[in-house]
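**Q** My structure is below; once you've seen it, I'll send some questions.
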Amino acid sequence: MTSDSELVKGCLAGNSTAWESIVRQYNSRIYNLAYRFTGKFDEAEDLTQEIFLKVYRTLNTYRPESGALVTWMVRVGRNHIIDHYRKFKTERSQTDALEVEYEKVEENPSRFTSPAEALEKRELSERVHRTLLRLSEELREAVILRDLEEFSYEEIADMLKVPVGTVKSRINRGRIELARLLRVFKDQL
């Protein structure tokens, strides 16, 4: 198996196979990050492509001694998503950001899951996702990076350029707010 630093060196030398390997290896991770921030399949796909373009263009700035390639790519992705939101903030403010439309995609439920269980799981996932989108940006990104992307507190602190204590505080406040919003949603049913 080729190491990340070898893949990066290959990319910088013009080896398209090395780039394809990076894209294959990290595509789902970057897509999941984009989807968790946006809640929209098509927007997440577009952002994923934009993030990979940005990664490709800035690959020469990656330093293996600074951390794992995936950590660097998530940082690039997170920054791109924030820039994207700032760019379209005016457009988004004209629509009700709390009413997120979800495209329905056919899922292939596990053969061990009944249709009712698969539907219940999907509904719960969508409810949590809609609720996540209601958190402030700083709380949402901390919760996503820790609980969904499973980065360490130190990696998150490095990505967000804040102290570890701030990361822990944001995650804790985000989890509390998420639980509160989910309870409110449940009570409304």
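In the structure tokens, the first chain shown is A, the next is B, and so on; residue numbers restart at 1 for each chain, and ligands run from 1 in the order shown.
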Tell me which protein, DNA and RNA residues are within 10 Å of Tyr31 of chain A, counting only C-alpha atoms, leaving out same-chain ones fewer than 5 positions away, and put them as a compact mmCIF listing (two decimals) with all heavy atoms, in the first residue's frame.
**A**
# COMPACT_ATOMS: atom_id res chain seq x y z
N TYR A 26 -10.50 8.91 -0.54
CA TYR A 26 -11.08 9.94 0.33
C TYR A 26 -12.40 10.53 -0.17
O TYR A 26 -12.96 11.40 0.49
CB TYR A 26 -10.06 11.05 0.58
CG TYR A 26 -8.84 10.54 1.29
CD1 TYR A 26 -7.60 10.51 0.66
CD2 TYR A 26 -8.93 10.06 2.59
CE1 TYR A 26 -6.49 10.03 1.32
CE2 TYR A 26 -7.82 9.57 3.25
CZ TYR A 26 -6.60 9.56 2.61
OH TYR A 26 -5.49 9.07 3.26
N ARG A 36 -23.02 16.51 5.46
CA ARG A 36 -23.37 16.80 6.85
C ARG A 36 -23.46 18.30 7.10
O ARG A 36 -24.20 18.74 7.96
CB ARG A 36 -22.38 16.14 7.78
CG ARG A 36 -22.59 14.64 7.81
CD ARG A 36 -21.58 13.93 8.65
NE ARG A 36 -21.91 12.51 8.69
CZ ARG A 36 -21.02 11.56 8.77
NH1 ARG A 36 -19.74 11.85 8.79
NH2 ARG A 36 -21.39 10.31 8.82
N PHE A 37 -22.71 19.07 6.35
CA PHE A 37 -22.80 20.53 6.50
C PHE A 37 -23.97 21.12 5.72
O PHE A 37 -24.51 22.13 6.12
CB PHE A 37 -21.50 21.20 6.06
CG PHE A 37 -20.48 21.30 7.14
CD1 PHE A 37 -19.47 20.36 7.25
CD2 PHE A 37 -20.52 22.31 8.08
CE1 PHE A 37 -18.52 20.44 8.26
CE2 PHE A 37 -19.58 22.41 9.09
CZ PHE A 37 -18.58 21.47 9.19
N PHE A 41 -28.12 16.42 -1.07
CA PHE A 41 -27.29 15.50 -1.83
C PHE A 41 -26.59 16.20 -3.00
O PHE A 41 -25.39 16.04 -3.19
CB PHE A 41 -28.12 14.32 -2.36
CG PHE A 41 -28.70 13.47 -1.28
CD1 PHE A 41 -30.06 13.47 -1.05
CD2 PHE A 41 -27.90 12.68 -0.49
CE1 PHE A 41 -30.61 12.68 -0.05
CE2 PHE A 41 -28.42 11.89 0.52
CZ PHE A 41 -29.79 11.90 0.74
N GLU A 43 -26.02 19.41 -3.56
CA GLU A 43 -25.07 20.44 -3.13
C GLU A 43 -23.80 19.79 -2.58
O GLU A 43 -22.69 20.27 -2.82
CB GLU A 43 -25.71 21.34 -2.07
CG GLU A 43 -24.91 22.57 -1.76
CD GLU A 43 -25.65 23.55 -0.85
OE1 GLU A 43 -26.85 23.36 -0.58
OE2 GLU A 43 -24.99 24.51 -0.42
N ALA A 44 -23.96 18.68 -1.87
CA ALA A 44 -22.80 17.97 -1.34
C ALA A 44 -21.94 17.41 -2.48
O ALA A 44 -20.71 17.45 -2.40
CB ALA A 44 -23.25 16.84 -0.42
N GLU A 45 -22.57 16.92 -3.54
CA GLU A 45 -21.81 16.42 -4.69
C GLU A 45 -21.02 17.54 -5.34
O GLU A 45 -19.84 17.38 -5.68
CB GLU A 45 -22.76 15.77 -5.70
CG GLU A 45 -23.30 14.44 -5.24
CD GLU A 45 -24.37 13.88 -6.18
OE1 GLU A 45 -24.81 14.58 -7.11
OE2 GLU A 45 -24.75 12.71 -5.97
N ASP A 46 -21.68 18.69 -5.53
CA ASP A 46 -20.99 19.83 -6.13
C ASP A 46 -19.82 20.29 -5.26
O ASP A 46 -18.71 20.53 -5.75
CB ASP A 46 -21.95 21.00 -6.34
CG ASP A 46 -22.98 20.73 -7.41
OD1 ASP A 46 -22.81 19.78 -8.20
OD2 ASP A 46 -24.00 21.47 -7.45
N LEU A 47 -20.07 20.40 -3.96
CA LEU A 47 -19.01 20.82 -3.04
C LEU A 47 -17.87 19.82 -3.01
O LEU A 47 -16.70 20.22 -2.93
CB LEU A 47 -19.56 21.03 -1.64
CG LEU A 47 -20.33 22.33 -1.41
CD1 LEU A 47 -21.02 22.32 -0.06
CD2 LEU A 47 -19.40 23.53 -1.53
N THR A 48 -18.18 18.54 -3.10
CA THR A 48 -17.14 17.51 -3.11
C THR A 48 -16.21 17.71 -4.31
O THR A 48 -14.99 17.68 -4.17
CB THR A 48 -17.77 16.10 -3.13
OG1 THR A 48 -18.56 15.93 -1.96
CG2 THR A 48 -16.71 15.02 -3.19
N GLN A 49 -16.80 17.95 -5.47
CA GLN A 49 -15.98 18.19 -6.66
C GLN A 49 -15.14 19.46 -6.48
O GLN A 49 -13.95 19.46 -6.82
CB GLN A 49 -16.87 18.33 -7.89
CG GLN A 49 -17.50 17.03 -8.30
CD GLN A 49 -18.41 17.19 -9.51
OE1 GLN A 49 -18.55 18.25 -10.08
NE2 GLN A 49 -19.04 16.08 -9.91
N ILE A 51 -14.14 20.81 -3.70
CA ILE A 51 -13.10 20.56 -2.69
C ILE A 51 -11.94 19.78 -3.29
O ILE A 51 -10.78 20.12 -3.06
CB ILE A 51 -13.70 19.84 -1.47
CG1 ILE A 51 -14.64 20.79 -0.71
CG2 ILE A 51 -12.60 19.30 -0.55
CD1 ILE A 51 -15.53 20.10 0.32
N GLY A 77 -11.45 21.19 2.97
CA GLY A 77 -12.88 21.06 2.70
C GLY A 77 -13.73 21.94 3.59
O GLY A 77 -14.64 22.63 3.14
**Q** Rank A:Glu138, A:Phe52, A:Arg175, A:Lys87 by their smallest atom-to-atom distance to Ser28 of chain A, using only C-alpha atoms, and report the top residue only.
**A**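 Of the candidates, the smallest distance to Ser28 of chain A is held by A:Phe52.
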**Q** Can you work out the spacing between atom CA of Val70 of chain A and atom CA of Ile30 of chain A in Å, to one decimal?
**A**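 Separation of atom CA of Val70 of chain A and atom CA of Ile30 of chain A: 9.0 Å.
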**Q** Enumerate as a ChimeraX atom specification all residues of segment 8-146 of chain A assigned to helix (DSSP H, G or I) by DSSP on the backbone, naming them with the chain letters and numbers the document uses.
**A** /A:8-12,16-38,41-61,64-66,69-87,89-93,115-132,137-146
